[in-house]
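Single-structure report; data block below.
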Amino acid sequence: MTTSTHGDHLRVLGPDTGLAQVFAFYEVHAHGDPSAAWEAFTTAWNWSAPLATAVAGADVPDTPVALPAAGGGFTLSGRWHLPAHDGTGAWLALPLTGGERPSRPVMASPGGPDLFAVPSEVLRGAVHAVPGEAAGPGPVFRLEGVHVPTGFATHAAATPLRAADAPFLWTAVAAQALGAARRVTDALAAPAPAPASASAPASASAPASGAARGPVRSATVAAELAAVLHDERLSLAAALHGAPSARLGLAPSAGERLAARVRRAGNAVHQVVASALEHALASYGYAGEHPLVHLLEASAPILQQARYATQLLPPDDGTSWKGANL
């Protein structure tokens with residue numbers, strides 16, 4: 001069994017561990033604390049390592065910089081050299097530095113993510129070529145405030161994954177998504193705080209707010225959504241039973257089935273989360289103080305990654321597993 005440690009973060013399992021154990025581990029930890037589980041995962045394993053990686057420019061004022069975005073995620077600005085003239089693949093990894101110490105802070109918060117994945121097609125439409133520059137391994141581009149969701153950010157200092165480790169990434173991400181969604185259903189079932197407008201005592205003839213009715217209805221909805229997640233967990237756990245570690249390798253047919261199941265689990269998670277949020281808003285109106293809102297913010301990176309995990313790290317033999325049947 002391979003684990004990795006990084007500072008005070010959780011010990012996390014790696015691609016040398018059997019996939020069934022990987023799934024169980026990450027599901028439990030994401031259910032306990034989605035934000036801490038994702039931070040531990042990205043500080044232990046650099047999932048973007050197999051992607052084509054640009055080279056960060058070092059010229060002030062075009063040194064790459066990442067700033068927290070108001071609506072979540074980051075905005076990237078600065079100059080990078082693309083790795084090749086003949087394309088980069090579907091995704092490109094953009095580091096903040098080329099390994100040297102930056103001349104100025106690259107993140108508003110030290111210790112934050114410093115490696116970002118962006119779709120190549122989005123990059124082409126968002127950057128501006130720098131004319132007359134031939135230095136570096138490929139064309140030079142300058143970004144100007146390109147948004148990157150939190151789920152596509154990781155740490156360059158983490159242990160790099162290999163392309164063949166894709167089943168490990170898929171399993172770990174799907175497990176965290178299911179665990180985080182299970183936590184969401186827990187929060188929906190719990191009584192929510194009454195709206196501020198209902199804080200005053202209610203008259204005997206007219207109970208104030210929907211808070212008294214909401215938790216009962218929410219518990220029913222939460223139970224239904226939790227049952228959906230339960231079925232997905234059982235299905236994926238059964239599919240992984242007896243599966244080797246990613247490092248030992250999966251047969252192509254097994255990899256195809258896993259990719260399909262991971263995508264199905266991701267779709268189920270997003271439907272559950274959307275339904276939970278919709279119900280919370282319908283029952284309590286403005287849900288800004290509902291615990292569910294803060295939990296969704298903490299789970300956002302996992303949910304974002306779950307949508308694209310099988311695209312970010314596909315097989316390294318050039319085959320496509322997108323059309324696999326269950």
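Quick note on naming: the chains in the structure tokens go A, B, ... in the order shown, residues restart at 1 in each chain, and ligands are numbered from 1 in order of appearance.
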
Polymer residues at most 7 Å from Ala20 (chain A), only C-alpha atoms, same-chain spacing of 5 or more positions, as a list in words =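 The contact residues come out as Ala237, Leu240, His241 and Ala243 of chain A.
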
With only C-alpha atoms counted and 9 Å as the cut-off, give the residues of region 251-291 of chain A in contact with region 182-189 of chain A, each with its shortest interatomic distance in Å and the pair that gives it, as JSON lines.
```
{"residue": "A:Val269", "atom": "CA", "partner": "A:Arg182", "partner_atom": "CA", "distance": 8.9}
{"residue": "A:Val272", "atom": "CA", "partner": "A:Thr185", "partner_atom": "CA", "distance": 8.2}
{"residue": "A:Val273", "atom": "CA", "partner": "A:Val184", "partner_atom": "CA", "distance": 7.0}
{"residue": "A:Ala276", "atom": "CA", "partner": "A:Leu188", "partner_atom": "CA", "distance": 6.7}
{"residue": "A:Leu277", "atom": "CA", "partner": "A:Leu188", "partner_atom": "CA", "distance": 8.5}
{"residue": "A:His279", "atom": "CA", "partner": "A:Leu188", "partner_atom": "CA", "distance": 8.6}
{"residue": "A:Ala280", "atom": "CA", "partner": "A:Leu188", "partner_atom": "CA", "distance": 7.2}
{"residue": "A:His290", "atom": "CA", "partner": "A:Ala187", "partner_atom": "CA", "distance": 8.7}
{"residue": "A:Pro291", "atom": "CA", "partner": "A:Ala187", "partner_atom": "CA", "distance": 6.5}
```

Would you mind exporting the chosen residues as a JSON list (two decimals), in the first residue's frame, restricted to C-alpha atoms?
```json
[["chain", "number", "residue", "atom", "x", "y", "z"],
["A", 269, "VAL", "CA", -23.82, 13.10, -7.76],
["A", 272, "VAL", "CA", -28.40, 14.73, -6.15],
["A", 273, "VAL", "CA", -26.59, 17.94, -5.27],
["A", 276, "ALA", "CA", -30.75, 19.11, -2.61],
["A", 277, "LEU", "CA", -29.97, 22.75, -3.30],
["A", 279, "HIS", "CA", -35.20, 21.83, -2.25],
["A", 280, "ALA", "CA", -33.33, 23.94, 0.29],
["A", 290, "HIS", "CA", -28.36, 27.13, 5.38],
["A", 291, "PRO", "CA", -25.44, 24.80, 6.24]]
```

Of the candidates A:Leu51, A:Val12, A:Val262, A:Leu67, which one gets nearest to Pro83 (chain A) if we count only C-alpha atoms?
-> A:Leu51

Go through A:Pro191, A:Pro61, A:Pro314, A:Pro149 one by one, measure the shortest atom-to-atom distance of each to Ala300 (chain A) using only C-alpha atoms, and give the residue with the smallest value.
->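 Distance minimum relative to Ala300 (chain A) lands on A:Pro149.
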
Selected residue, from A:Thr63, A:Ser235, A:Thr159, A:Thr154, that lies nearest to Gln305 (chain A) when counting only C-alpha atoms =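 Among the listed residues, the smallest separation from Gln305 (chain A) belongs to A:Thr154.
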
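Note that CA of Gly249 (chain A) and CA of Leu161 (chain A) are 13.9 Å apart.
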
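Proximity to Asp114 (chain A) was assessed for A:Asn267, A:Gln176, A:Thr310, A:Ser48 counting only C-alpha atoms; the smallest distance is recorded for A:Ser48.
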
Distance criterion (only C-alpha atoms): nearest to Leu13 (chain A) out of A:Ser253, A:Ser120, A:Ser245, A:Thr75 =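 Among the listed residues, the smallest separation from Leu13 (chain A) belongs to A:Ser245.
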
Non-local contacts of His29 (chain A) (8 Å; only C-alpha atoms; under 5 positions in same chain excluded) as a list in words =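 In the requested format, the answer is Pro34, Ala37, Gln176 and Gly179 of chain A.
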
Output the selection as a PDB file, in the first residue's frame - N, CA, C and O atoms for each residue.
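Once written, selection-v1.pdb looks like this:
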```pdb
ATOM      1  N   PRO A  34     -15.198  17.371   3.122  1.00  0.00           N
ATOM      2  CA  PRO A  34     -14.848  17.433   1.694  1.00  0.00           C
ATOM      3  C   PRO A  34     -13.662  18.336   1.400  1.00  0.00           C
ATOM      4  O   PRO A  34     -12.793  17.988   0.607  1.00  0.00           O
ATOM      5  N   ALA A  37     -10.393  16.715   2.587  1.00  0.00           N
ATOM      6  CA  ALA A  37     -10.068  15.548   1.773  1.00  0.00           C
ATOM      7  C   ALA A  37      -9.473  15.972   0.433  1.00  0.00           C
ATOM      8  O   ALA A  37      -8.482  15.390  -0.028  1.00  0.00           O
ATOM      9  N   GLN A 176     -14.642  10.623  -3.742  1.00  0.00           N
ATOM     10  CA  GLN A 176     -14.794  11.881  -3.028  1.00  0.00           C
ATOM     11  C   GLN A 176     -16.100  12.576  -3.402  1.00  0.00           C
ATOM     12  O   GLN A 176     -16.752  13.204  -2.551  1.00  0.00           O
ATOM     13  N   GLY A 179     -18.820  10.789  -1.529  1.00  0.00           N
ATOM     14  CA  GLY A 179     -18.755  11.104  -0.102  1.00  0.00           C
ATOM     15  C   GLY A 179     -19.236  12.507   0.199  1.00  0.00           C
ATOM     16  O   GLY A 179     -19.970  12.739   1.169  1.00  0.00           O
TER      17      GLY A 179
END
```

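Proximity to Phe141 (chain A) was assessed for A:Gln311, A:Ser275, A:Ser77, A:Thr171 counting only C-alpha atoms; the smallest distance is recorded for A:Ser77.
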